[in-house]
$ cat query-v5.pdb   # PDB, C-alpha atoms and all ligand atoms
MODEL        1
ATOM      1  CA  MET A   1      11.973 182.117 -40.399
ATOM      2  CA  ARG A   2       9.159 184.351 -39.381
ATOM      3  CA  GLY A   3       7.395 183.464 -42.590
ATOM      4  CA  ARG A   4       7.403 179.776 -41.845
ATOM      5  CA  ILE A   5       5.792 180.150 -38.449
ATOM      6  CA  VAL A   6       3.172 182.518 -39.726
ATOM      7  CA  ARG A   7       2.395 180.079 -42.503
ATOM      8  CA  ALA A   8       2.057 177.231 -40.032
ATOM      9  CA  LEU A   9      -0.533 179.027 -38.045
ATOM     10  CA  ALA A  10      -2.274 180.734 -40.908
ATOM     11  CA  ARG A  11      -3.597 177.387 -42.054
ATOM     12  CA  PRO A  12      -5.594 176.503 -38.957
ATOM     13  CA  LEU A  13      -7.014 180.025 -39.049
ATOM     14  CA  VAL A  14      -8.146 179.591 -42.624
ATOM     15  CA  MET A  15      -9.549 176.214 -41.770
ATOM     16  CA  ALA A  16     -11.608 177.781 -39.017
ATOM     17  CA  ALA A  17     -12.897 180.507 -41.253
ATOM     18  CA  VAL A  18     -14.189 178.378 -44.097
ATOM     19  CA  GLY A  19     -14.591 174.978 -42.516
ATOM     20  CA  VAL A  20     -12.200 173.142 -44.802
ATOM     21  CA  ALA A  21      -8.442 172.888 -44.755
ATOM     22  CA  ILE A  22      -6.960 174.901 -47.591
ATOM     23  CA  PRO A  23      -3.202 174.618 -47.919
ATOM     24  CA  LEU A  24      -2.518 178.291 -48.286
ATOM     25  CA  LEU A  25       1.049 179.258 -48.863
ATOM     26  CA  ASN A  26       2.647 175.852 -48.708
ATOM     27  CA  ALA A  27       3.754 175.289 -52.265
ATOM     28  CA  ALA A  28       5.805 172.207 -51.417
ATOM     29  CA  PRO A  29       5.196 169.308 -53.797
ATOM     30  CA  ALA A  30       2.829 166.768 -52.273
ATOM     31  CA  THR A  31       5.246 163.936 -52.895
ATOM     32  CA  ALA A  32       7.934 165.439 -50.682
ATOM     33  CA  ASP A  33       5.570 165.507 -47.758
ATOM     34  CA  SER A  34       3.323 162.600 -48.568
ATOM     35  CA  VAL A  35       4.629 160.252 -45.903
ATOM     36  CA  VAL A  36       4.793 162.866 -43.216
ATOM     37  CA  VAL A  37       4.584 162.144 -39.556
ATOM     38  CA  GLY A  38       4.538 158.427 -40.357
ATOM     39  CA  GLY A  39       2.795 158.107 -37.072
ATOM     40  CA  PHE A  40       0.586 155.672 -35.270
ATOM     41  CA  PRO A  41      -2.628 156.137 -33.297
ATOM     42  CA  VAL A  42      -2.142 156.782 -29.598
ATOM     43  CA  ASP A  43      -4.668 156.542 -26.804
ATOM     44  CA  VAL A  44      -4.237 159.528 -24.533
ATOM     45  CA  SER A  45      -3.939 157.160 -21.546
ATOM     46  CA  GLN A  46      -0.540 156.169 -22.993
ATOM     47  CA  SER A  47       0.656 159.799 -22.852
ATOM     48  CA  PRO A  48      -1.730 161.465 -20.381
ATOM     49  CA  TRP A  49       0.493 164.568 -20.150
ATOM     50  CA  THR A  50      -0.162 165.399 -23.812
ATOM     51  CA  VAL A  51      -2.813 168.127 -23.994
ATOM     52  CA  ALA A  52      -4.433 170.167 -26.745
ATOM     53  CA  LEU A  53      -4.611 173.967 -26.770
ATOM     54  CA  ALA A  54      -7.958 175.098 -28.038
ATOM     55  CA  SER A  55     -10.196 178.067 -28.728
ATOM     56  CA  ARG A  56     -13.530 177.459 -30.418
ATOM     57  CA  ASP A  57     -14.054 181.206 -30.810
ATOM     58  CA  LEU A  58     -10.899 181.560 -32.894
ATOM     59  CA  PHE A  59     -10.558 178.185 -34.594
ATOM     60  CA  GLY A  60     -14.094 176.836 -34.851
ATOM     61  CA  GLY A  61     -15.746 173.894 -33.163
ATOM     62  CA  THR A  62     -15.036 171.108 -35.642
ATOM     63  CA  ARG A  63     -11.972 169.809 -33.833
ATOM     64  CA  ALA A  64     -12.893 171.312 -30.454
ATOM     65  CA  GLY A  65     -10.929 174.417 -31.466
ATOM     66  CA  GLN A  66      -7.527 172.664 -31.293
ATOM     67  CA  PHE A  67      -4.679 174.745 -32.742
ATOM     68  CA  CYS A  68      -1.511 173.648 -30.899
ATOM     69  CA  GLY A  69      -0.214 170.994 -28.541
ATOM     70  CA  GLY A  70       1.021 171.275 -25.000
ATOM     71  CA  VAL A  71       2.439 169.161 -22.211
ATOM     72  CA  ALA A  72       1.604 169.006 -18.524
ATOM     73  CA  VAL A  73       4.688 169.291 -16.313
ATOM     74  CA  ALA A  74       2.955 170.074 -13.003
ATOM     75  CA  PRO A  75      -0.664 169.793 -11.798
ATOM     76  CA  THR A  76      -1.502 173.349 -12.874
ATOM     77  CA  ALA A  77       1.285 174.016 -15.402
ATOM     78  CA  VAL A  78       1.350 173.268 -19.111
ATOM     79  CA  LEU A  79       4.296 173.997 -21.385
ATOM     80  CA  THR A  80       3.727 174.952 -24.997
ATOM     81  CA  ALA A  81       5.501 176.895 -27.747
ATOM     82  CA  ALA A  82       5.750 180.692 -27.441
ATOM     83  CA  HIS A  83       4.754 181.013 -31.100
ATOM     84  CA  CYS A  84       1.410 179.338 -30.307
ATOM     85  CA  LEU A  85       0.524 182.301 -28.118
ATOM     86  CA  GLY A  86       1.470 185.159 -30.413
ATOM     87  CA  ARG A  87      -0.893 188.100 -30.717
ATOM     88  CA  ASP A  88      -1.512 187.032 -34.329
ATOM     89  CA  VAL A  89      -2.635 183.597 -33.122
ATOM     90  CA  VAL A  90      -4.639 184.071 -29.916
ATOM     91  CA  GLY A  91      -4.983 187.851 -29.781
ATOM     92  CA  ALA A  92      -3.773 190.232 -27.090
ATOM     93  CA  PRO A  93      -4.781 189.772 -24.372
ATOM     94  CA  PRO A  94      -5.287 186.094 -25.252
ATOM     95  CA  THR A  95      -8.824 185.027 -26.083
ATOM     96  CA  PRO A  96     -10.835 184.384 -22.884
ATOM     97  CA  ASP A  97     -11.963 181.003 -24.220
ATOM     98  CA  LEU A  98      -8.386 179.657 -24.387
ATOM     99  CA  LYS A  99      -8.547 176.125 -22.976
ATOM    100  CA  VAL A 100      -6.406 173.112 -22.330
ATOM    101  CA  ILE A 101      -8.029 169.813 -23.249
ATOM    102  CA  THR A 102      -6.810 166.845 -21.205
ATOM    103  CA  GLY A 103      -7.697 163.154 -21.367
ATOM    104  CA  ARG A 104      -9.276 163.354 -24.830
ATOM    105  CA  THR A 105      -7.889 161.043 -27.511
ATOM    106  CA  ASP A 106     -10.391 162.040 -30.178
ATOM    107  CA  LEU A 107     -11.148 165.729 -30.542
ATOM    108  CA  LEU A 108     -14.573 164.847 -31.915
ATOM    109  CA  SER A 109     -15.543 163.233 -28.604
ATOM    110  CA  ASP A 110     -16.307 164.831 -25.261
ATOM    111  CA  GLN A 111     -13.951 162.527 -23.392
ATOM    112  CA  GLY A 112     -11.727 164.050 -20.702
ATOM    113  CA  LYS A 113     -11.910 167.608 -19.547
ATOM    114  CA  GLU A 114     -11.559 171.153 -20.803
ATOM    115  CA  ILE A 115      -9.751 173.386 -18.353
ATOM    116  CA  ALA A 116      -9.643 177.167 -18.490
ATOM    117  CA  VAL A 117      -6.299 178.951 -18.538
ATOM    118  CA  ARG A 118      -5.766 181.295 -15.612
ATOM    119  CA  SER A 119      -2.617 182.975 -16.881
ATOM    120  CA  VAL A 120      -0.174 182.911 -19.759
ATOM    121  CA  TRP A 121       3.571 183.491 -19.384
ATOM    122  CA  VAL A 122       5.546 183.752 -22.618
ATOM    123  CA  ASN A 123       9.312 183.400 -22.324
ATOM    124  CA  PRO A 124      10.569 186.995 -22.580
ATOM    125  CA  GLY A 125      13.664 185.605 -24.298
ATOM    126  CA  TYR A 126      11.613 184.205 -27.206
ATOM    127  CA  ASP A 127      12.800 185.633 -30.514
ATOM    128  CA  SER A 128      10.272 185.216 -33.317
ATOM    129  CA  SER A 129      12.887 185.983 -35.956
ATOM    130  CA  THR A 130      15.193 183.115 -34.920
ATOM    131  CA  ASN A 131      12.639 180.926 -33.069
ATOM    132  CA  GLY A 132      15.055 180.822 -30.132
ATOM    133  CA  GLY A 133      13.478 180.284 -26.705
ATOM    134  CA  ASP A 134      10.190 179.064 -28.182
ATOM    135  CA  PHE A 135       8.295 178.182 -25.011
ATOM    136  CA  ALA A 136       5.556 179.453 -22.724
ATOM    137  CA  VAL A 137       3.863 178.348 -19.520
ATOM    138  CA  LEU A 138       0.088 178.205 -19.071
ATOM    139  CA  THR A 139      -1.220 178.221 -15.527
ATOM    140  CA  LEU A 140      -4.507 176.352 -15.280
ATOM    141  CA  ALA A 141      -7.578 177.474 -13.382
ATOM    142  CA  GLU A 142      -7.815 174.027 -11.766
ATOM    143  CA  PRO A 143      -5.419 171.090 -11.447
ATOM    144  CA  LEU A 144      -5.185 168.337 -14.038
ATOM    145  CA  PRO A 145      -6.235 164.850 -13.033
ATOM    146  CA  SER A 146      -3.431 163.480 -10.874
ATOM    147  CA  GLY A 147      -0.573 161.589 -12.438
ATOM    148  CA  ALA A 148      -0.891 163.307 -15.768
ATOM    149  CA  VAL A 149       2.490 165.013 -15.736
ATOM    150  CA  VAL A 150       5.850 164.168 -17.323
ATOM    151  CA  PRO A 151       9.236 165.032 -15.767
ATOM    152  CA  MET A 152      11.443 167.490 -17.648
ATOM    153  CA  ALA A 153      14.956 166.339 -18.585
ATOM    154  CA  GLY A 154      17.584 168.725 -17.250
ATOM    155  CA  ALA A 155      20.969 169.496 -18.790
ATOM    156  CA  GLY A 156      23.210 166.458 -19.031
ATOM    157  CA  ASP A 157      20.319 163.997 -19.009
ATOM    158  CA  PRO A 158      21.236 160.931 -21.115
ATOM    159  CA  ALA A 159      17.896 161.247 -22.940
ATOM    160  CA  TYR A 160      19.517 164.049 -25.012
ATOM    161  CA  THR A 161      22.239 161.755 -26.376
ATOM    162  CA  PRO A 162      22.181 161.611 -30.188
ATOM    163  CA  GLY A 163      20.722 158.336 -31.397
ATOM    164  CA  THR A 164      18.222 158.152 -28.541
ATOM    165  CA  SER A 165      14.784 157.011 -29.633
ATOM    166  CA  ALA A 166      12.028 159.505 -28.848
ATOM    167  CA  THR A 167       8.316 159.919 -29.543
ATOM    168  CA  VAL A 168       6.501 163.090 -30.553
ATOM    169  CA  TYR A 169       2.748 163.415 -29.938
ATOM    170  CA  GLY A 170       0.066 165.605 -31.464
ATOM    171  CA  TRP A 171      -3.162 166.244 -33.340
ATOM    172  CA  GLY A 172      -1.423 168.036 -36.207
ATOM    173  CA  ASP A 173      -1.266 167.623 -39.957
ATOM    174  CA  THR A 174      -0.683 164.009 -40.997
ATOM    175  CA  ASP A 175       0.359 164.556 -44.603
ATOM    176  CA  GLY A 176       1.786 168.059 -44.922
ATOM    177  CA  ASN A 177      -1.254 169.201 -46.873
ATOM    178  CA  GLY A 178      -3.606 170.220 -44.129
ATOM    179  CA  ALA A 179      -5.026 166.822 -43.169
ATOM    180  CA  TYR A 180      -5.436 167.648 -39.497
ATOM    181  CA  ALA A 181      -5.876 164.610 -37.298
ATOM    182  CA  HIS A 182      -8.865 164.433 -35.012
ATOM    183  CA  SER A 183      -7.397 161.598 -33.011
ATOM    184  CA  LEU A 184      -4.058 161.751 -31.171
ATOM    185  CA  ARG A 185      -1.004 160.357 -32.951
ATOM    186  CA  GLY A 186       2.609 159.680 -32.135
ATOM    187  CA  ALA A 187       5.703 159.327 -34.315
ATOM    188  CA  ARG A 188       8.964 157.657 -33.383
ATOM    189  CA  VAL A 189      12.075 159.648 -34.262
ATOM    190  CA  HIS A 190      15.707 159.762 -33.153
ATOM    191  CA  VAL A 191      17.611 162.586 -31.507
ATOM    192  CA  LEU A 192      20.148 163.773 -34.080
ATOM    193  CA  PRO A 193      23.657 165.118 -33.489
ATOM    194  CA  ASP A 194      23.842 168.930 -33.380
ATOM    195  CA  ALA A 195      26.269 168.869 -36.324
ATOM    196  CA  ARG A 196      23.550 167.342 -38.496
ATOM    197  CA  CYS A 197      20.958 169.864 -37.386
ATOM    198  CA  GLU A 198      23.393 172.700 -38.115
ATOM    199  CA  ARG A 199      24.054 171.294 -41.576
ATOM    200  CA  ALA A 200      20.308 171.065 -42.238
ATOM    201  CA  TYR A 201      19.623 174.610 -41.020
ATOM    202  CA  PRO A 202      22.767 176.713 -41.516
ATOM    203  CA  GLY A 203      20.807 179.968 -41.714
ATOM    204  CA  GLY A 204      18.993 181.847 -44.414
ATOM    205  CA  GLY A 205      15.616 180.873 -45.783
ATOM    206  CA  ASP A 206      15.240 177.564 -43.978
ATOM    207  CA  GLY A 207      16.142 178.939 -40.560
ATOM    208  CA  THR A 208      19.100 178.686 -38.241
ATOM    209  CA  TYR A 209      19.649 175.859 -35.790
ATOM    210  CA  ALA A 210      20.971 176.970 -32.385
ATOM    211  CA  ALA A 211      22.174 174.020 -30.309
ATOM    212  CA  GLU A 212      21.978 175.761 -26.918
ATOM    213  CA  THR A 213      18.249 176.330 -27.151
ATOM    214  CA  MET A 214      17.081 173.762 -29.732
ATOM    215  CA  LEU A 215      17.411 170.099 -30.557
ATOM    216  CA  CYS A 216      16.494 168.313 -33.745
ATOM    217  CA  ALA A 217      15.091 164.855 -34.366
ATOM    218  CA  GLY A 218      14.001 162.777 -37.309
ATOM    219  CA  GLU A 219      14.966 159.811 -39.428
ATOM    220  CA  THR A 220      17.738 159.688 -42.034
ATOM    221  CA  THR A 221      15.221 158.659 -44.664
ATOM    222  CA  GLY A 222      12.631 161.178 -43.504
ATOM    223  CA  GLY A 223       9.005 160.105 -43.319
ATOM    224  CA  ARG A 224       8.464 160.594 -39.601
ATOM    225  CA  ASP A 225       8.086 164.018 -38.114
ATOM    226  CA  ALA A 226       5.866 166.485 -36.361
ATOM    227  CA  CYS A 227       3.960 168.907 -38.596
ATOM    228  CA  GLN A 228       1.740 171.995 -38.504
ATOM    229  CA  GLY A 229      -0.674 171.900 -35.596
ATOM    230  CA  ASP A 230       1.694 169.819 -33.454
ATOM    231  CA  SER A 231       3.593 172.859 -32.171
ATOM    232  CA  GLY A 232       4.047 173.077 -28.436
ATOM    233  CA  GLY A 233       3.518 169.326 -28.043
ATOM    234  CA  PRO A 234       5.934 166.927 -26.369
ATOM    235  CA  LEU A 235       8.979 165.009 -27.561
ATOM    236  CA  VAL A 236       9.609 162.336 -24.937
ATOM    237  CA  ALA A 237      12.589 160.015 -24.520
ATOM    238  CA  GLN A 238      13.253 157.524 -21.735
ATOM    239  CA  GLY A 239      10.128 158.715 -19.943
ATOM    240  CA  ARG A 240      11.278 162.329 -19.787
ATOM    241  CA  LEU A 241      10.371 165.467 -21.720
ATOM    242  CA  ILE A 242      13.268 166.612 -23.932
ATOM    243  CA  GLY A 243      11.588 168.814 -26.558
ATOM    244  CA  LEU A 244       8.601 170.936 -27.564
ATOM    245  CA  VAL A 245       7.580 170.929 -31.234
ATOM    246  CA  SER A 246       8.808 174.242 -32.661
ATOM    247  CA  TRP A 247       9.637 174.435 -36.381
ATOM    248  CA  GLY A 248      10.998 172.712 -39.472
ATOM    249  CA  ASN A 249      11.221 172.949 -43.228
ATOM    250  CA  GLY A 250       8.197 171.087 -44.538
ATOM    251  CA  CYS A 251       7.391 167.895 -42.672
ATOM    252  CA  GLY A 252       9.161 164.548 -42.782
ATOM    253  CA  ARG A 253      11.711 165.519 -45.426
ATOM    254  CA  ALA A 254      14.892 163.468 -45.261
ATOM    255  CA  ASP A 255      17.204 166.471 -45.125
ATOM    256  CA  SER A 256      15.043 168.673 -42.923
ATOM    257  CA  PRO A 257      14.567 167.200 -39.459
ATOM    258  CA  GLY A 258      12.033 168.594 -37.002
ATOM    259  CA  VAL A 259      13.377 171.258 -34.654
ATOM    260  CA  TYR A 260      12.307 171.321 -31.011
ATOM    261  CA  THR A 261      12.748 173.692 -28.095
ATOM    262  CA  ARG A 262      15.410 172.100 -25.884
ATOM    263  CA  VAL A 263      13.707 171.418 -22.558
ATOM    264  CA  SER A 264      16.915 171.709 -20.489
ATOM    265  CA  GLU A 265      16.920 175.359 -21.565
ATOM    266  CA  VAL A 266      13.312 175.676 -20.381
ATOM    267  CA  VAL A 267      14.307 174.220 -17.008
ATOM    268  CA  ARG A 268      17.242 176.624 -16.734
ATOM    269  CA  THR A 269      15.152 179.667 -17.643
ATOM    270  CA  LEU A 270      12.251 178.733 -15.375
ATOM    271  CA  SER A 271      14.493 178.189 -12.382
ATOM    272  CA  ARG A 272      15.085 181.949 -12.476
ATOM    273  CA  ALA A 273      11.839 183.319 -13.838
ATOM    274  CA  ASP A 274       8.450 184.231 -12.442
ATOM    275  CA  GLY A 275       6.819 181.952 -14.980
ATOM    276  CA  ALA A 276       8.087 179.093 -12.861
ATOM    277  CA  LYS A 277       5.717 179.898 -10.017
ATOM    278  CA  ALA A 278       3.183 177.320 -11.090
ATOM    279  CA  LEU A 279       5.904 174.681 -11.276
ATOM    280  CA  ARG A 280       6.898 175.037  -7.639
ATOM    281  CA  PRO A 281       5.039 172.646  -5.397
ATOM    282  CA  GLY A 282       2.611 174.438  -3.156
ATOM    283  CA  ALA A 283       3.057 177.753  -4.907
ATOM    284  CA  ASP A 284       0.061 179.945  -5.454
ATOM    285  CA  ALA A 285      -0.411 179.834  -9.171
ATOM    286  CA  THR A 286      -1.664 183.342  -9.733
TER     287      THR A 286
HETATM  288  N1  LIG B   1       5.349 175.465 -36.448
HETATM  289  C1  LIG B   1       4.519 174.311 -36.528
HETATM  290  C2  LIG B   1       3.241 174.532 -35.736
HETATM  291  O1  LIG B   1       2.923 175.663 -35.447
HETATM  292  C3  LIG B   1       5.260 173.058 -36.159
HETATM  293  C4  LIG B   1       6.137 172.639 -37.241
HETATM  294  C5  LIG B   1       6.949 171.455 -36.931
HETATM  295  N2  LIG B   1       7.503 171.021 -38.159
HETATM  296  C6  LIG B   1       8.267 169.950 -38.290
HETATM  297  N3  LIG B   1       8.646 169.620 -39.485
HETATM  298  N4  LIG B   1       8.623 169.226 -37.269
HETATM  299  O2  LIG B   1       2.446 173.648 -35.501
ENDMDL
END

$ encode --input "query-v5.pdb" --output "structure tokens" --more "lines below"
Ligand code: ARG
Amino acid sequence: MRGRIVRALARPLVMAAVGVAIPLLNAAPATADSVVVGGFPVDVSQSPWTVALASRDLFGGTRAGQFCGGVAVAPTAVLTAAHCLGRDVVGAPPTPDLKVITGRTDLLSDQGKEIAVRSVWVNPGYDSSTNGGDFAVLTLAEPLPSGAVVPMAGAGDPAYTPGTSATVYGWGDTDGNGAYAHSLRGARVHVLPDARCERAYPGGGDGTYAAETMLCAGETTGGRDACQGDSGGPLVAQGRLIGLVSWGNGCGRADSPGVYTRVSEVVRTLSRADGAKALRPGADAT
């Protein structure tokens, strides 16, 4: 498990270092991943809550330093994956040039706004060996443009029902071989029954699916999925946030759906934790 996450993030790092994407440790045959993501171009105005996490110091300026996705859930609060903020990824303490990019469809443009991160709260329950609890909250130094937030789906929300159509958004790899998008994309997938996710990831090398804290989504024939670089980004169904891109075996493989942090678990945890401060209306975000 740990290996997969490290691999995912090692690639953007290598890309930053040498200026070209070199698929490092991913020995998967190109054919298996060749139709990955199966996405379509999205203008950020269609999903204004989708943001990019970026650091030019760590990841280079070519794609504005983008290395993960995120999603705005309150004017000064962005959710992302805990594994995006590991010491191995952003350093400890996190790099001072960590930014959230909002309102920018194309990373090569200067559209939208780059906002500094005031504080980082990583779910203390995150377990990097199982990927359980893979979420974190970024508190922004200034509010996002108004309206650019998406509501989180709580437990029991019908948007979690298996078979529900959902869309995942991101600037990640579009072919499983390190072809990082510079323009935002979306891919339509379906929420899958927990039994299928458990069958796909029973434990061992490919990871273990845990229904309480994760959900999985994909297509029976594969071909549409999130991929490396999309982590932390949103999975939205019926206008509500149900998942954060977390992990998977390869990208877009028929028998290996994408696994997401279950947002109802985020809601439950934040309702008790200090990290929720920024989510409470009127709260001082420090
Ligand atoms: N861990 C990856 C990242 O850091 C996300 C992988 C998602 N994979 C998938 N097949 N859905 O960007």

$ closest_residue --input "query-v5.pdb" --among "A:Pro75, A:Gly154, A:Gly38, A:Gly229" --to "ligand LIG 1 (chain B)" --atoms "all atoms listed in the file"
A:Gly229

$ residues_near_point --input "query-v5.pdb" --point "(-10.8, 170.6, -32.2)" --cutoff "9 Å" --atoms "only C-alpha atoms" --output "list in words"
Ala52, Leu53, Ala54, Ser55, Arg56, Phe59, Gly60, Gly61, Thr62, Arg63, Ala64, Gly65, Gln66, Phe67, Asp106, Leu107, Leu108, Trp171 and His182 of chain A

$ write_last_selection --input "query-v5.pdb" --atoms "C-alpha atoms" --output "PDB file, in the coordinates of the input"
ATOM      1  CA  ALA A  52      -4.433 170.167 -26.745  1.00  0.00           C
ATOM      2  CA  LEU A  53      -4.611 173.967 -26.770  1.00  0.00           C
ATOM      3  CA  ALA A  54      -7.958 175.098 -28.038  1.00  0.00           C
ATOM      4  CA  SER A  55     -10.196 178.067 -28.728  1.00  0.00           C
ATOM      5  CA  ARG A  56     -13.530 177.459 -30.418  1.00  0.00           C
ATOM      6  CA  PHE A  59     -10.558 178.185 -34.594  1.00  0.00           C
ATOM      7  CA  GLY A  60     -14.094 176.836 -34.851  1.00  0.00           C
ATOM      8  CA  GLY A  61     -15.746 173.894 -33.163  1.00  0.00           C
ATOM      9  CA  THR A  62     -15.036 171.108 -35.642  1.00  0.00           C
ATOM     10  CA  ARG A  63     -11.972 169.809 -33.833  1.00  0.00           C
ATOM     11  CA  ALA A  64     -12.893 171.312 -30.454  1.00  0.00           C
ATOM     12  CA  GLY A  65     -10.929 174.417 -31.466  1.00  0.00           C
ATOM     13  CA  GLN A  66      -7.527 172.664 -31.293  1.00  0.00           C
ATOM     14  CA  PHE A  67      -4.679 174.745 -32.742  1.00  0.00           C
ATOM     15  CA  ASP A 106     -10.391 162.040 -30.178  1.00  0.00           C
ATOM     16  CA  LEU A 107     -11.148 165.729 -30.542  1.00  0.00           C
ATOM     17  CA  LEU A 108     -14.573 164.847 -31.915  1.00  0.00           C
ATOM     18  CA  TRP A 171      -3.162 166.244 -33.340  1.00  0.00           C
ATOM     19  CA  HIS A 182      -8.865 164.433 -35.012  1.00  0.00           C
TER      20      HIS A 182
END

$ residues_near_ligand --input "query-v5.pdb" --ligand "ligand LIG 1 (chain B)" --cutoff "6 Å" --atoms "only C-alpha atoms and all ligand atoms" --output "ChimeraX atom specification"
/A:5,8-9,225-231,245-251,258-259

$ resolve_selection --input "query-v5.pdb" --expression "the PyMOL selection byres (((chain A and resi 51) around 6) and not hetatm)" --output "list in words"
Thr50, Ala52, Gly69, Gly70, Val71, Ile101 and Thr102 of chain A

$ residues_around --input "query-v5.pdb" --residues "Val191 (chain A)" --least-positions-apart "5" --cutoff "7 Å" --atoms "all atoms listed in the file" --output "short mmCIF file (atom, residue, chain, number, x, y, z; two decimals) with C-alpha atoms, in the frame of the given file"
data_model
loop_
_atom_site.label_atom_id
_atom_site.label_comp_id
_atom_site.auth_asym_id
_atom_site.auth_seq_id
_atom_site.Cartn_x
_atom_site.Cartn_y
_atom_site.Cartn_z
CA TYR A 160 19.52 164.05 -25.01
CA THR A 161 22.24 161.76 -26.38
CA PRO A 162 22.18 161.61 -30.19
CA GLY A 163 20.72 158.34 -31.40
CA THR A 164 18.22 158.15 -28.54
CA SER A 165 14.78 157.01 -29.63
CA ALA A 166 12.03 159.50 -28.85
CA CYS A 216 16.49 168.31 -33.74
CA ALA A 217 15.09 164.86 -34.37
CA GLY A 218 14.00 162.78 -37.31
#

$ closest_residue --input "query-v5.pdb" --among "A:Met214, A:Val120, A:Ala141, A:Cys84" --to "Cys197 (chain A)" --atoms "all atoms listed in the file"
A:Met214

$ resolve_selection --input "query-v5.pdb" --expression "the PyMOL selection byres (((chain A and resi 131) around 9) and not hetatm)" --output "PyMOL selection string"
chain A and resi 1-2+5+82-83+126-130+132-134+207-208+246-247+261

$ resolve_selection --input "query-v5.pdb" --expression "the PyMOL selection byres (((chain A and resi 220) around 9) and not hetatm)" --output "count of residues only"
8

$ closest_residue --input "query-v5.pdb" --among "A:Asp57, A:Pro124, A:Ala74, A:Leu241" --to "Thr95 (chain A)" --atoms "only C-alpha atoms"
A:Asp57

$ residues_around --input "query-v5.pdb" --residues "Arg199 (chain A)" --least-positions-apart "3" --cutoff "10 Å" --atoms "all atoms listed in the file" --output "ChimeraX atom specification"
/A:194-196,202-203,208-209,255-256

$ write_last_selection --input "query-v5.pdb" --atoms "C-alpha atoms" --output "compact mmCIF listing (two decimals), in the coordinates of the input"
# COMPACT_ATOMS: atom_id res chain seq x y z
CA ASP A 194 23.84 168.93 -33.38
CA ALA A 195 26.27 168.87 -36.32
CA ARG A 196 23.55 167.34 -38.50
CA PRO A 202 22.77 176.71 -41.52
CA GLY A 203 20.81 179.97 -41.71
CA THR A 208 19.10 178.69 -38.24
CA TYR A 209 19.65 175.86 -35.79
CA ASP A 255 17.20 166.47 -45.12
CA SER A 256 15.04 168.67 -42.92

$ atom_distance --input "query-v5.pdb" --atom1 "CA of Gly232 (chain A)" --atom2 "CA of Tyr169 (chain A)"
9.9 Å

$ atom_distance --input "query-v5.pdb" --atom1 "CA of Thr213 (chain A)" --atom2 "CA of Ala155 (chain A)"
11.1 Å

$ atom_distance --input "query-v5.pdb" --atom1 "CA of Ile242 (chain A)" --atom2 "CA of Tyr180 (chain A)"
24.4 Å

$ axis_aligned_box --input "query-v5.pdb" --around "region 211-228 of chain A" --padding-each-side "4 Å" --output "JSON"
{"center_x": 12.0, "center_y": 167.5, "center_z": -35.8, "size_x": 28.4, "size_y": 25.7, "size_z": 25.7}

$ closest_residue --input "query-v5.pdb" --among "A:Pro143, A:Ala179, A:Gly205, A:Val89" --to "Lys113 (chain A)" --atoms "all atoms listed in the file"
A:Pro143

$ residues_around --input "query-v5.pdb" --residues "Thr167 (chain A)" --least-positions-apart "4" --cutoff "10 Å" --atoms "only C-alpha atoms" --output "VMD selection string"
chain A and resid 39 185 to 191 217 225 to 226 234 to 239 241 243

$ write_last_selection --input "query-v5.pdb" --atoms "C-alpha atoms" --output "PDB file, in the coordinates of the input"
ATOM      1  CA  GLY A  39       2.795 158.107 -37.072  1.00  0.00           C
ATOM      2  CA  ARG A 185      -1.004 160.357 -32.951  1.00  0.00           C
ATOM      3  CA  GLY A 186       2.609 159.680 -32.135  1.00  0.00           C
ATOM      4  CA  ALA A 187       5.703 159.327 -34.315  1.00  0.00           C
ATOM      5  CA  ARG A 188       8.964 157.657 -33.383  1.00  0.00           C
ATOM      6  CA  VAL A 189      12.075 159.648 -34.262  1.00  0.00           C
ATOM      7  CA  HIS A 190      15.707 159.762 -33.153  1.00  0.00           C
ATOM      8  CA  VAL A 191      17.611 162.586 -31.507  1.00  0.00           C
ATOM      9  CA  ALA A 217      15.091 164.855 -34.366  1.00  0.00           C
ATOM     10  CA  ASP A 225       8.086 164.018 -38.114  1.00  0.00           C
ATOM     11  CA  ALA A 226       5.866 166.485 -36.361  1.00  0.00           C
ATOM     12  CA  PRO A 234       5.934 166.927 -26.369  1.00  0.00           C
ATOM     13  CA  LEU A 235       8.979 165.009 -27.561  1.00  0.00           C
ATOM     14  CA  VAL A 236       9.609 162.336 -24.937  1.00  0.00           C
ATOM     15  CA  ALA A 237      12.589 160.015 -24.520  1.00  0.00           C
ATOM     16  CA  GLN A 238      13.253 157.524 -21.735  1.00  0.00           C
ATOM     17  CA  GLY A 239      10.128 158.715 -19.943  1.00  0.00           C
ATOM     18  CA  LEU A 241      10.371 165.467 -21.720  1.00  0.00           C
ATOM     19  CA  GLY A 243      11.588 168.814 -26.558  1.00  0.00           C
TER      20      GLY A 243
END

$ closest_residue --input "query-v5.pdb" --among "A:Ala72, A:Asn177, A:Val263, A:Leu85" --to "Asp157 (chain A)" --atoms "only C-alpha atoms"
A:Val263

$ closest_residue --input "query-v5.pdb" --among "A:Ala211, A:Val37, A:Val90, A:Leu79" --to "Trp121 (chain A)" --atoms "only C-alpha atoms"
A:Leu79
